[in-house]
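J.: File query-v2.pdb below, PDB, C-alpha atoms:
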ATOM      1  CA  MET A   1      82.571   2.379 -34.298
ATOM      2  CA  LYS A   2      84.895   5.104 -33.117
ATOM      3  CA  LEU A   3      83.032   7.076 -30.444
ATOM      4  CA  VAL A   4      84.193  10.155 -28.553
ATOM      5  CA  ILE A   5      83.051  11.061 -25.045
ATOM      6  CA  LEU A   6      83.584  14.751 -24.351
ATOM      7  CA  SER A   7      84.434  14.801 -20.648
ATOM      8  CA  SER A   8      86.895  16.840 -18.618
ATOM      9  CA  ASN A   9      87.366  13.962 -16.154
ATOM     10  CA  PRO A  10      87.770  10.337 -17.341
ATOM     11  CA  ASN A  11      87.338   9.106 -13.745
ATOM     12  CA  LEU A  12      83.776  10.344 -13.335
ATOM     13  CA  TYR A  13      81.232   7.532 -12.880
ATOM     14  CA  SER A  14      79.209   8.531 -15.965
ATOM     15  CA  THR A  15      82.279   8.700 -18.215
ATOM     16  CA  ARG A  16      83.660   5.381 -16.930
ATOM     17  CA  ARG A  17      80.316   3.612 -17.450
ATOM     18  CA  LEU A  18      79.942   4.875 -21.033
ATOM     19  CA  VAL A  19      83.498   3.739 -21.868
ATOM     20  CA  GLU A  20      82.966   0.332 -20.220
ATOM     21  CA  VAL A  21      79.630  -0.346 -21.981
ATOM     22  CA  GLY A  22      80.853   0.980 -25.352
ATOM     23  CA  GLU A  23      83.980  -1.207 -25.250
ATOM     24  CA  LYS A  24      81.883  -4.254 -24.294
ATOM     25  CA  LYS A  25      79.907  -3.637 -27.490
ATOM     26  CA  GLY A  26      83.150  -3.600 -29.497
ATOM     27  CA  HIS A  27      83.459   0.152 -30.060
ATOM     28  CA  GLU A  28      86.654   2.176 -29.831
ATOM     29  CA  MET A  29      85.917   4.631 -27.013
ATOM     30  CA  ILE A  30      87.990   7.816 -26.777
ATOM     31  CA  VAL A  31      87.644  10.222 -23.851
ATOM     32  CA  VAL A  32      88.450  13.749 -25.019
ATOM     33  CA  ASN A  33      88.804  16.653 -22.586
ATOM     34  CA  HIS A  34      86.849  19.287 -24.508
ATOM     35  CA  THR A  35      88.516  22.114 -22.563
ATOM     36  CA  LYS A  36      91.852  21.093 -24.110
ATOM     37  CA  CYS A  37      90.699  20.964 -27.752
ATOM     38  CA  ASP A  38      91.712  23.408 -30.483
ATOM     39  CA  LEU A  39      89.152  24.119 -33.201
ATOM     40  CA  VAL A  40      90.424  24.778 -36.702
ATOM     41  CA  ILE A  41      87.892  26.628 -38.824
ATOM     42  CA  GLU A  42      88.536  26.922 -42.538
ATOM     43  CA  LYS A  43      86.560  26.691 -45.742
ATOM     44  CA  LYS A  44      84.770  23.326 -45.928
ATOM     45  CA  LYS A  45      87.353  21.691 -43.646
ATOM     46  CA  PRO A  46      86.513  22.136 -39.968
ATOM     47  CA  SER A  47      88.622  20.002 -37.629
ATOM     48  CA  VAL A  48      89.224  19.303 -33.943
ATOM     49  CA  ILE A  49      92.805  19.016 -32.666
ATOM     50  CA  TYR A  50      93.414  17.159 -29.395
ATOM     51  CA  LYS A  51      96.860  16.619 -27.860
ATOM     52  CA  GLY A  52      98.417  17.829 -31.108
ATOM     53  CA  LYS A  53      96.524  15.357 -33.322
ATOM     54  CA  GLU A  54      93.482  15.810 -35.534
ATOM     55  CA  LEU A  55      90.471  13.711 -34.494
ATOM     56  CA  THR A  56      89.435  11.850 -37.637
ATOM     57  CA  ASP A  57      86.952   9.115 -38.645
ATOM     58  CA  ILE A  58      84.770   9.756 -35.594
ATOM     59  CA  ASP A  59      81.347   8.066 -35.883
ATOM     60  CA  GLY A  60      79.601   9.627 -32.900
ATOM     61  CA  VAL A  61      80.067  11.996 -29.971
ATOM     62  CA  ILE A  62      78.565  11.832 -26.459
ATOM     63  CA  PRO A  63      78.893  15.273 -24.836
ATOM     64  CA  ARG A  64      79.312  15.401 -21.043
ATOM     65  CA  ILE A  65      79.771  19.150 -20.755
ATOM     66  CA  GLY A  66      79.969  20.724 -17.288
ATOM     67  CA  ALA A  67      77.959  23.887 -16.646
ATOM     68  CA  SER A  68      81.086  25.951 -15.951
ATOM     69  CA  VAL A  69      82.471  25.342 -19.468
ATOM     70  CA  THR A  70      79.231  25.512 -21.463
ATOM     71  CA  PHE A  71      80.494  28.180 -23.899
ATOM     72  CA  PHE A  72      83.623  26.344 -25.077
ATOM     73  CA  GLY A  73      82.108  22.875 -24.695
ATOM     74  CA  THR A  74      79.234  23.875 -26.962
ATOM     75  CA  ALA A  75      81.700  25.229 -29.541
ATOM     76  CA  VAL A  76      83.440  21.822 -29.611
ATOM     77  CA  VAL A  77      80.107  20.000 -30.074
ATOM     78  CA  ARG A  78      79.178  22.438 -32.872
ATOM     79  CA  GLN A  79      82.522  21.762 -34.581
ATOM     80  CA  PHE A  80      81.764  18.021 -34.665
ATOM     81  CA  GLU A  81      78.325  18.821 -36.093
ATOM     82  CA  MET A  82      80.033  20.855 -38.841
ATOM     83  CA  MET A  83      82.157  17.757 -39.508
ATOM     84  CA  LYS A  84      78.849  15.840 -40.031
ATOM     85  CA  VAL A  85      79.385  13.704 -36.908
ATOM     86  CA  PHE A  86      76.300  12.625 -34.915
ATOM     87  CA  THR A  87      76.231  14.049 -31.383
ATOM     88  CA  ALA A  88      73.974  12.570 -28.671
ATOM     89  CA  THR A  89      73.241  16.125 -27.471
ATOM     90  CA  GLU A  90      72.955  18.861 -30.099
ATOM     91  CA  SER A  91      74.867  22.084 -29.489
ATOM     92  CA  GLN A  92      71.771  24.298 -29.675
ATOM     93  CA  ALA A  93      69.835  22.093 -27.255
ATOM     94  CA  LEU A  94      72.790  22.237 -24.863
ATOM     95  CA  VAL A  95      72.799  26.056 -24.971
ATOM     96  CA  ARG A  96      69.018  26.186 -24.448
ATOM     97  CA  SER A  97      69.091  23.830 -21.471
ATOM     98  CA  ARG A  98      71.817  25.821 -19.694
ATOM     99  CA  ASP A  99      69.790  29.027 -19.820
ATOM    100  CA  LYS A 100      67.310  28.478 -16.952
ATOM    101  CA  LEU A 101      65.109  31.399 -17.954
ATOM    102  CA  ARG A 102      64.940  30.452 -21.633
ATOM    103  CA  SER A 103      64.197  26.836 -20.668
ATOM    104  CA  LEU A 104      61.235  27.888 -18.531
ATOM    105  CA  GLN A 105      59.925  30.093 -21.352
ATOM    106  CA  ILE A 106      60.140  27.172 -23.812
ATOM    107  CA  LEU A 107      58.417  24.792 -21.349
ATOM    108  CA  SER A 108      55.718  27.380 -20.625
ATOM    109  CA  ARG A 109      55.026  27.854 -24.336
ATOM    110  CA  ALA A 110      54.582  24.071 -24.625
ATOM    111  CA  SER A 111      51.838  24.239 -21.932
ATOM    112  CA  LEU A 112      53.827  22.165 -19.443
ATOM    113  CA  GLY A 113      53.169  22.558 -15.712
ATOM    114  CA  LEU A 114      55.717  24.773 -13.917
ATOM    115  CA  PRO A 115      56.045  26.333 -10.474
ATOM    116  CA  LYS A 116      54.957  29.984 -10.787
ATOM    117  CA  THR A 117      58.161  31.922 -11.546
ATOM    118  CA  VAL A 118      59.123  35.603 -11.627
ATOM    119  CA  PHE A 119      62.229  37.103 -13.228
ATOM    120  CA  SER A 120      62.929  40.818 -13.016
ATOM    121  CA  ASN A 121      65.734  43.223 -13.870
ATOM    122  CA  TYR A 122      66.997  43.842 -10.300
ATOM    123  CA  SER A 123      63.570  45.260  -9.359
ATOM    124  CA  LYS A 124      63.589  47.592  -6.359
ATOM    125  CA  ASP A 125      59.984  46.545  -5.698
ATOM    126  CA  VAL A 126      60.852  43.161  -4.165
ATOM    127  CA  SER A 127      57.544  43.105  -2.285
ATOM    128  CA  SER A 128      55.495  42.853  -5.484
ATOM    129  CA  VAL A 129      57.814  40.102  -6.826
ATOM    130  CA  ILE A 130      57.110  38.106  -3.655
ATOM    131  CA  ASP A 131      53.341  38.654  -4.018
ATOM    132  CA  LYS A 132      53.383  37.422  -7.631
ATOM    133  CA  VAL A 133      54.514  33.926  -6.560
ATOM    134  CA  GLY A 134      51.972  33.765  -3.745
ATOM    135  CA  GLY A 135      54.116  35.112  -0.891
ATOM    136  CA  ALA A 136      56.549  33.298   1.413
ATOM    137  CA  PRO A 137      57.797  30.631   1.767
ATOM    138  CA  LEU A 138      59.361  30.867  -1.682
ATOM    139  CA  VAL A 139      62.434  29.644  -3.534
ATOM    140  CA  ILE A 140      65.141  31.935  -4.945
ATOM    141  CA  LYS A 141      67.505  30.478  -7.554
ATOM    142  CA  LEU A 142      70.644  31.908  -9.093
ATOM    143  CA  LEU A 143      70.357  31.603 -12.877
ATOM    144  CA  GLU A 144      73.880  30.162 -13.003
ATOM    145  CA  GLY A 145      73.550  27.640 -10.148
ATOM    146  CA  THR A 146      73.909  23.838 -10.530
ATOM    147  CA  GLN A 147      73.504  20.773  -8.285
ATOM    148  CA  GLY A 148      71.436  22.756  -5.783
ATOM    149  CA  LEU A 149      74.073  25.470  -5.306
ATOM    150  CA  GLY A 150      72.639  28.980  -5.435
ATOM    151  CA  VAL A 151      69.152  27.783  -4.402
ATOM    152  CA  VAL A 152      67.685  29.371  -1.264
ATOM    153  CA  LEU A 153      64.415  28.775   0.571
ATOM    154  CA  ALA A 154      63.088  31.970   2.149
ATOM    155  CA  ASP A 155      60.765  30.882   4.974
ATOM    156  CA  ASN A 156      59.142  34.240   5.611
ATOM    157  CA  ARG A 157      58.558  37.572   3.921
ATOM    158  CA  ASN A 158      61.321  39.438   5.782
ATOM    159  CA  SER A 159      64.015  36.947   4.833
ATOM    160  CA  ALA A 160      62.705  36.818   1.236
ATOM    161  CA  GLU A 161      62.982  40.609   0.956
ATOM    162  CA  SER A 162      66.481  40.638   2.524
ATOM    163  CA  ILE A 163      67.788  37.870   0.232
ATOM    164  CA  LEU A 164      66.347  39.473  -2.908
ATOM    165  CA  GLU A 165      67.756  42.881  -1.962
ATOM    166  CA  ALA A 166      71.173  41.309  -1.321
ATOM    167  CA  PHE A 167      71.210  39.488  -4.682
ATOM    168  CA  ASN A 168      70.028  42.650  -6.453
ATOM    169  CA  GLY A 169      72.773  44.655  -4.752
ATOM    170  CA  LEU A 170      75.340  42.155  -6.045
ATOM    171  CA  GLN A 171      73.687  42.324  -9.495
ATOM    172  CA  ALA A 172      73.240  38.548  -9.374
ATOM    173  CA  ARG A 173      70.503  37.305 -11.717
ATOM    174  CA  VAL A 174      67.873  35.265  -9.888
ATOM    175  CA  ILE A 175      64.467  33.766 -10.485
ATOM    176  CA  VAL A 176      61.842  33.620  -7.747
ATOM    177  CA  GLN A 177      59.577  30.555  -7.617
ATOM    178  CA  GLU A 178      56.594  29.502  -5.564
ATOM    179  CA  PHE A 179      57.323  26.882  -2.909
ATOM    180  CA  ILE A 180      55.437  23.629  -3.521
ATOM    181  CA  LYS A 181      54.704  22.521   0.032
ATOM    182  CA  GLU A 182      53.073  19.206  -0.859
ATOM    183  CA  ALA A 183      56.282  17.998  -2.593
ATOM    184  CA  LYS A 184      57.766  17.619   0.939
ATOM    185  CA  GLY A 185      61.378  18.180  -0.132
ATOM    186  CA  ALA A 186      61.245  15.461  -2.801
ATOM    187  CA  ASP A 187      61.385  15.557  -6.583
ATOM    188  CA  LEU A 188      61.321  13.087  -9.472
ATOM    189  CA  ARG A 189      64.098  12.602 -12.033
ATOM    190  CA  ALA A 190      62.973  10.946 -15.278
ATOM    191  CA  PHE A 191      65.855   9.877 -17.508
ATOM    192  CA  VAL A 192      64.871  10.176 -21.162
ATOM    193  CA  VAL A 193      66.850   8.665 -24.042
ATOM    194  CA  ASP A 194      65.647   9.017 -27.629
ATOM    195  CA  GLY A 195      62.013   9.706 -26.718
ATOM    196  CA  VAL A 196      61.696   6.932 -24.098
ATOM    197  CA  VAL A 197      61.827   7.141 -20.286
ATOM    198  CA  VAL A 198      64.532   4.551 -19.548
ATOM    199  CA  GLY A 199      64.515   5.038 -15.771
ATOM    200  CA  ALA A 200      62.930   7.163 -13.047
ATOM    201  CA  MET A 201      63.741   7.843  -9.406
ATOM    202  CA  LYS A 202      62.332   9.826  -6.511
ATOM    203  CA  ARG A 203      64.926  11.951  -4.725
ATOM    204  CA  GLN A 204      64.310  12.969  -1.122
ATOM    205  CA  GLY A 205      66.220  15.768   0.594
ATOM    206  CA  LYS A 206      67.936  14.874   3.860
ATOM    207  CA  GLU A 207      66.245  15.878   7.118
ATOM    208  CA  GLY A 208      65.669  19.632   7.259
ATOM    209  CA  GLU A 209      66.816  20.128   3.639
ATOM    210  CA  PHE A 210      64.358  21.208   0.929
ATOM    211  CA  ARG A 211      66.817  20.516  -1.931
ATOM    212  CA  SER A 212      66.734  16.879  -3.026
ATOM    213  CA  ASN A 213      70.043  16.835  -4.972
ATOM    214  CA  LEU A 214      72.066  13.677  -4.314
ATOM    215  CA  HIS A 215      75.226  15.859  -4.191
ATOM    216  CA  ARG A 216      73.699  17.534  -1.119
ATOM    217  CA  GLY A 217      73.132  14.289   0.789
ATOM    218  CA  GLY A 218      69.697  13.408  -0.601
ATOM    219  CA  SER A 219      68.592   9.788  -1.108
ATOM    220  CA  ALA A 220      67.032   8.154  -4.149
ATOM    221  CA  GLU A 221      64.687   5.234  -4.819
ATOM    222  CA  ILE A 222      63.148   3.741  -7.953
ATOM    223  CA  ILE A 223      59.659   5.000  -8.796
ATOM    224  CA  GLU A 224      56.934   4.127 -11.294
ATOM    225  CA  LEU A 225      55.840   7.339 -13.024
ATOM    226  CA  THR A 226      52.166   8.039 -13.621
ATOM    227  CA  ASP A 227      51.114   8.457 -17.267
ATOM    228  CA  GLU A 228      50.860  12.219 -16.691
ATOM    229  CA  GLU A 229      54.389  12.397 -15.256
ATOM    230  CA  GLU A 230      55.847  10.264 -18.052
ATOM    231  CA  ASN A 231      54.130  12.328 -20.755
ATOM    232  CA  ALA A 232      55.351  15.568 -19.150
ATOM    233  CA  ALA A 233      58.948  14.268 -19.059
ATOM    234  CA  LEU A 234      58.851  13.133 -22.694
ATOM    235  CA  LYS A 235      57.311  16.386 -23.888
ATOM    236  CA  ALA A 236      59.834  18.470 -21.907
ATOM    237  CA  ALA A 237      62.798  16.593 -23.446
ATOM    238  CA  ARG A 238      61.222  16.908 -26.905
ATOM    239  CA  VAL A 239      60.526  20.649 -26.797
ATOM    240  CA  MET A 240      64.053  21.254 -25.480
ATOM    241  CA  GLY A 241      65.406  19.236 -28.419
ATOM    242  CA  LEU A 242      67.324  16.813 -26.185
ATOM    243  CA  GLY A 243      67.963  13.178 -27.166
ATOM    244  CA  VAL A 244      69.402  12.500 -23.691
ATOM    245  CA  ALA A 245      67.846  14.379 -20.755
ATOM    246  CA  GLY A 246      67.241  14.269 -17.038
ATOM    247  CA  VAL A 247      63.832  15.850 -16.428
ATOM    248  CA  ASP A 248      63.304  17.030 -12.839
ATOM    249  CA  MET A 249      59.709  17.387 -11.649
ATOM    250  CA  LEU A 250      57.769  18.100  -8.486
ATOM    251  CA  GLN A 251      54.611  16.213  -7.569
ATOM    252  CA  SER A 252      51.970  18.839  -6.811
ATOM    253  CA  ALA A 253      48.236  19.055  -6.209
ATOM    254  CA  ARG A 254      47.854  20.364  -9.780
ATOM    255  CA  GLY A 255      49.945  17.642 -11.441
ATOM    256  CA  PRO A 256      53.647  17.355 -12.310
ATOM    257  CA  LEU A 257      55.586  20.645 -12.353
ATOM    258  CA  ILE A 258      58.835  20.759 -14.337
ATOM    259  CA  LEU A 259      61.778  22.228 -12.428
ATOM    260  CA  GLU A 260      64.584  21.726 -14.912
ATOM    261  CA  VAL A 261      65.646  19.734 -17.981
ATOM    262  CA  ASN A 262      69.261  18.643 -17.592
ATOM    263  CA  SER A 263      71.326  18.051 -20.753
ATOM    264  CA  SER A 264      74.203  16.178 -19.032
ATOM    265  CA  PRO A 265      72.388  14.122 -16.373
ATOM    266  CA  GLY A 266      74.630  11.971 -14.188
ATOM    267  CA  LEU A 267      74.319   8.195 -14.451
ATOM    268  CA  GLU A 268      75.384   7.155 -10.955
ATOM    269  CA  GLY A 269      72.225   8.104  -9.032
ATOM    270  CA  ILE A 270      69.776   6.761 -11.612
ATOM    271  CA  GLU A 271      71.655   3.482 -12.261
ATOM    272  CA  LYS A 272      72.042   2.749  -8.542
ATOM    273  CA  ALA A 273      68.426   3.663  -7.703
ATOM    274  CA  THR A 274      66.856   1.718 -10.580
ATOM    275  CA  GLY A 275      69.404  -1.075 -11.130
ATOM    276  CA  LYS A 276      69.095  -0.363 -14.874
ATOM    277  CA  ASN A 277      71.901  -0.109 -17.406
ATOM    278  CA  ILE A 278      71.225   3.465 -18.534
ATOM    279  CA  ALA A 279      74.691   3.802 -20.122
ATOM    280  CA  LEU A 280      73.757   0.988 -22.538
ATOM    281  CA  GLN A 281      70.646   2.888 -23.655
ATOM    282  CA  ILE A 282      72.793   5.943 -24.507
ATOM    283  CA  ILE A 283      75.297   3.827 -26.475
ATOM    284  CA  LYS A 284      72.428   2.140 -28.376
ATOM    285  CA  TYR A 285      70.974   5.589 -29.179
ATOM    286  CA  VAL A 286      74.299   6.665 -30.687
ATOM    287  CA  GLU A 287      74.603   3.363 -32.612
ATOM    288  CA  ARG A 288      71.176   3.853 -34.192
ATOM    289  CA  ASN A 289      72.008   7.355 -35.392
ATOM    290  CA  ALA A 290      75.726   7.214 -36.171
ATOM    291  CA  GLU A 291      75.573   4.486 -38.825
TER     292      GLU A 291
END
Represent the supplied structure as structure tokens.

T.:
Amino acid sequence: MKLVILSSNPNLYSTRRLVEVGEKKGHEMIVVNHTKCDLVIEKKKPSVIYKGKELTDIDGVIPRIGASVTFFGTAVVRQFEMMKVFTATESQALVRSRDKLRSLQILSRASLGLPKTVFSNYSKDVSSVIDKVGGAPLVIKLLEGTQGLGVVLADNRNSAESILEAFNGLQARVIVQEFIKEAKGADLRAFVVDGVVVGAMKRQGKEGEFRSNLHRGGSAEIIELTDEEENAALKAARVMGLGVAGVDMLQSARGPLILEVNSSPGLEGIEKATGKNIALQIIKYVERNAE
């Protein structure tokens, strides 16, 4: 098969692993920088031009779209869909997953556990926003943040009010979430491919850090999910419409709480923590659907 990986950096671990595994299985693997594509839209003949050449006879696409280029990256994925090419992540699911607020609304409608969350239109009444999530400590997240950037823990009411007023003054969109104390700075990442959890890890924030992101110095270890956690991860990926997803959850006294459903989850942390060949599962998923 001729498979395209949409990635702006061929040297990233995830991109390299997908190329390596795909080539081992005899596929022609092409890394295409989606930010450098031109999309030609005409009656019944959509096409993608890369480095001056039209991409033809493509059997499948694996999108690895960074959050900063969601708009154009999604347009490229949609163009391949118009060309009747199978994509491991659908364009609409990609758009949904990148909108934190919309994601939480979709997960809430599906009756999945979530940390209590408040979103307001730069409300001047920050005190009532704080009360609605049960007071301080609480977590404030920029709607556009990724990899733990733009996530702040406000330890007390005064700092929570100051941070919210500052963000409001900058007209920065934020959500306010209850702080789940019993999670102890750890979360779970379940990696879902085609309706199956193919790997799971527990990520622990470094000393004094409540964010567990590996990019921020956190550590990871393999974990066996409970039935409740596995079912929550599978349902979250399903309602978001994602064939490949990293579902982040907190362990709480009231069961698993979904934090986020990631549409381009990195492979390095999960493969190293679990020792599993996750890249192979993604390639097999594309093989099953692209034929």

J.: So which residues get picked by the PyMOL selection byres ((chain A and resi 6-22) around 10) here, written as an mmCIF file with C-alpha atoms, in the coordinates of the input?

T.:
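Wrote it out as part-v4.cif, contents follow:
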data_model
loop_
_atom_site.group_PDB
_atom_site.id
_atom_site.type_symbol
_atom_site.label_atom_id
_atom_site.label_comp_id
_atom_site.auth_asym_id
_atom_site.auth_seq_id
_atom_site.Cartn_x
_atom_site.Cartn_y
_atom_site.Cartn_z
ATOM 1 C CA MET A 1 82.571 2.379 -34.298
ATOM 2 C CA LYS A 2 84.895 5.104 -33.117
ATOM 3 C CA LEU A 3 83.032 7.076 -30.444
ATOM 4 C CA VAL A 4 84.193 10.155 -28.553
ATOM 5 C CA ILE A 5 83.051 11.061 -25.045
ATOM 6 C CA GLU A 23 83.980 -1.207 -25.250
ATOM 7 C CA LYS A 24 81.883 -4.254 -24.294
ATOM 8 C CA LYS A 25 79.907 -3.637 -27.490
ATOM 9 C CA GLY A 26 83.150 -3.600 -29.497
ATOM 10 C CA HIS A 27 83.459 0.152 -30.060
ATOM 11 C CA GLU A 28 86.654 2.176 -29.831
ATOM 12 C CA MET A 29 85.917 4.631 -27.013
ATOM 13 C CA ILE A 30 87.990 7.816 -26.777
ATOM 14 C CA VAL A 31 87.644 10.222 -23.851
ATOM 15 C CA VAL A 32 88.450 13.749 -25.019
ATOM 16 C CA ASN A 33 88.804 16.653 -22.586
ATOM 17 C CA HIS A 34 86.849 19.287 -24.508
ATOM 18 C CA THR A 35 88.516 22.114 -22.563
ATOM 19 C CA LYS A 36 91.852 21.093 -24.110
ATOM 20 C CA VAL A 61 80.067 11.996 -29.971
ATOM 21 C CA ILE A 62 78.565 11.832 -26.459
ATOM 22 C CA PRO A 63 78.893 15.273 -24.836
ATOM 23 C CA ARG A 64 79.312 15.401 -21.043
ATOM 24 C CA ILE A 65 79.771 19.150 -20.755
ATOM 25 C CA GLY A 66 79.969 20.724 -17.288
ATOM 26 C CA VAL A 69 82.471 25.342 -19.468
ATOM 27 C CA GLY A 73 82.108 22.875 -24.695
ATOM 28 C CA VAL A 76 83.440 21.822 -29.611
ATOM 29 C CA VAL A 77 80.107 20.000 -30.074
ATOM 30 C CA SER A 264 74.203 16.178 -19.032
ATOM 31 C CA PRO A 265 72.388 14.122 -16.373
ATOM 32 C CA GLY A 266 74.630 11.971 -14.188
ATOM 33 C CA LEU A 267 74.319 8.195 -14.451
ATOM 34 C CA GLU A 268 75.384 7.155 -10.955
ATOM 35 C CA GLY A 269 72.225 8.104 -9.032
ATOM 36 C CA GLU A 271 71.655 3.482 -12.261
ATOM 37 C CA ASN A 277 71.901 -0.109 -17.406
ATOM 38 C CA ILE A 278 71.225 3.465 -18.534
ATOM 39 C CA ALA A 279 74.691 3.802 -20.122
ATOM 40 C CA LEU A 280 73.757 0.988 -22.538
ATOM 41 C CA GLN A 281 70.646 2.888 -23.655
ATOM 42 C CA ILE A 282 72.793 5.943 -24.507
ATOM 43 C CA ILE A 283 75.297 3.827 -26.475
ATOM 44 C CA LYS A 284 72.428 2.140 -28.376
ATOM 45 C CA GLU A 287 74.603 3.363 -32.612
#

J.: Suppose you want the space between atom CA of Ser68 of chain A and atom CA of Asn289 of chain A; what is it in Å?

T.: 28.4 Å

J.: Of the candidates A:Thr274, A:Asn262, A:Ser111, A:Ser123, which shows the shortest atom-to-atom distance to Ala232 of chain A, using only C-alpha atoms?

T.: A:Ser111

J.: Ranking A:Glu165, A:Ile180, A:Lys116, A:Val192 by minimum distance to Pro137 of chain A and counting only C-alpha atoms, which one comes first?

T.: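 Once distances to Pro137 of chain A are computed over only C-alpha atoms, the minimum belongs to A:Ile180.
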
J.: Let me know the residues the PyMOL selection byres ((chain A and resi 141) around 8) catches in the file above, as a PDB file with C-alpha atoms, keeping the file's coordinate frame.

T.:
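Final file, selection-v9.pdb:
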ATOM      1  CA  VAL A 139      62.434  29.644  -3.534  1.00  0.00           C
ATOM      2  CA  ILE A 140      65.141  31.935  -4.945  1.00  0.00           C
ATOM      3  CA  LEU A 142      70.644  31.908  -9.093  1.00  0.00           C
ATOM      4  CA  LEU A 143      70.357  31.603 -12.877  1.00  0.00           C
ATOM      5  CA  GLY A 145      73.550  27.640 -10.148  1.00  0.00           C
ATOM      6  CA  GLY A 150      72.639  28.980  -5.435  1.00  0.00           C
ATOM      7  CA  VAL A 151      69.152  27.783  -4.402  1.00  0.00           C
ATOM      8  CA  VAL A 152      67.685  29.371  -1.264  1.00  0.00           C
ATOM      9  CA  VAL A 174      67.873  35.265  -9.888  1.00  0.00           C
ATOM     10  CA  ILE A 175      64.467  33.766 -10.485  1.00  0.00           C
ATOM     11  CA  VAL A 176      61.842  33.620  -7.747  1.00  0.00           C
ATOM     12  CA  GLN A 177      59.577  30.555  -7.617  1.00  0.00           C
TER      13      GLN A 177
END

J.: Tell me which residues the PyMOL selection byres ((chain A and resi 60) around 6) grabs here, as an MDAnalysis selection string.

T.: chainID A and resid 3 58:59 61 85:87 290

J.: Would you compute the distance between atom CA of Leu101 of chain A and atom CA of Asp248 of chain A? Give it in Å to one decimal.

T.: 15.4 Å

J.: To one decimal in Å, tell me the separation between atom CA of Gly169 of chain A and atom CA of Gln105 of chain A.

T.: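 Computing it gives 25.5 Å between the two atoms.
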
J.: What residues have an atom no more than 12 Å from (44.6, 13.7, -9.0) in the file's own frame, counting all atoms listed in the file, and can you write them as an NGL selection string?

T.: :A and (226-229 or 251-256)

J.: Which residue gives the smallest distance to Thr89 of chain A among A:Val48, A:Leu242, A:Val198, A:Leu55, with all atoms listed in the file counted?

T.: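 Among the listed residues, A:Leu242 lies closest to Thr89 of chain A.
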
J.: Please provide the set of residues having any atom within 12 Å of Val197 of chain A, restricted to only C-alpha atoms, with same-chain residues fewer than 4 positions apart removed, written as JSON, numbers by chain.

T.: {"A": [189, 190, 191, 192, 193, 201, 223, 224, 225, 226, 227, 229, 230, 231, 232, 233, 234, 235, 236, 237, 238, 243, 244, 245, 246, 247, 270, 276, 278, 281, 282]}

J.: Could you turn the residues from that selection into a file that holds C-alpha atoms, as a compact mmCIF listing (two decimals), in the coordinates of the input?

T.:
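Saved to again26.txt:
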# COMPACT_ATOMS: atom_id res chain seq x y z
CA ARG A 189 64.10 12.60 -12.03
CA ALA A 190 62.97 10.95 -15.28
CA PHE A 191 65.86 9.88 -17.51
CA VAL A 192 64.87 10.18 -21.16
CA VAL A 193 66.85 8.66 -24.04
CA MET A 201 63.74 7.84 -9.41
CA ILE A 223 59.66 5.00 -8.80
CA GLU A 224 56.93 4.13 -11.29
CA LEU A 225 55.84 7.34 -13.02
CA THR A 226 52.17 8.04 -13.62
CA ASP A 227 51.11 8.46 -17.27
CA GLU A 229 54.39 12.40 -15.26
CA GLU A 230 55.85 10.26 -18.05
CA ASN A 231 54.13 12.33 -20.76
CA ALA A 232 55.35 15.57 -19.15
CA ALA A 233 58.95 14.27 -19.06
CA LEU A 234 58.85 13.13 -22.69
CA LYS A 235 57.31 16.39 -23.89
CA ALA A 236 59.83 18.47 -21.91
CA ALA A 237 62.80 16.59 -23.45
CA ARG A 238 61.22 16.91 -26.90
CA GLY A 243 67.96 13.18 -27.17
CA VAL A 244 69.40 12.50 -23.69
CA ALA A 245 67.85 14.38 -20.76
CA GLY A 246 67.24 14.27 -17.04
CA VAL A 247 63.83 15.85 -16.43
CA ILE A 270 69.78 6.76 -11.61
CA LYS A 276 69.10 -0.36 -14.87
CA ILE A 278 71.22 3.46 -18.53
CA GLN A 281 70.65 2.89 -23.66
CA ILE A 282 72.79 5.94 -24.51

J.: As an MDAnalysis selection string, please: the residues near Glu178 of chain A (cut-off 8 Å, all atoms listed in the file, same-chain neighbours under 5 positions excluded).

T.: chainID A and resid 115:117 133:139

J.: Need to verify the contact set: Gln79 of chain A, 8 Å, all atoms listed in the file, exclusion of same-chain residues closer than 5 positions in sequence. Can you return it as a list in words?

T.: Leu39, Pro46, Ser47 and Val48 of chain A

J.: For Ala220 of chain A, please output as a list of chain:residue names all residues within 10 Å (counting only C-alpha atoms; exclusion window: fewer than 4 positions along the same chain).

T.: A:Ala186, A:Asp187, A:Leu188, A:Arg189, A:Ala200, A:Met201, A:Lys202, A:Arg203, A:Gln204, A:Gly205, A:Ser212, A:Asn213, A:Leu214, A:Gly269, A:Ile270, A:Lys272, A:Ala273, A:Thr274

J.: Edge lengths and centre in Å to one decimal, as JSON, is what I'm after for the box along x, y and z that holds all listed atoms of segment 275-290 of chain A once 6 Å is added on each side.

T.:
{"center_x": 72.4, "center_y": 3.1, "center_z": -23.7, "size_x": 18.6, "size_y": 20.4, "size_z": 37.0}

J.: Which one of A:Leu94, A:Thr56, A:Gly113, A:Phe72 sits closest to Asp38 of chain A if you count only C-alpha atoms?

T.: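 Checking each candidate against Asp38 of chain A, we get A:Phe72 as the closest.
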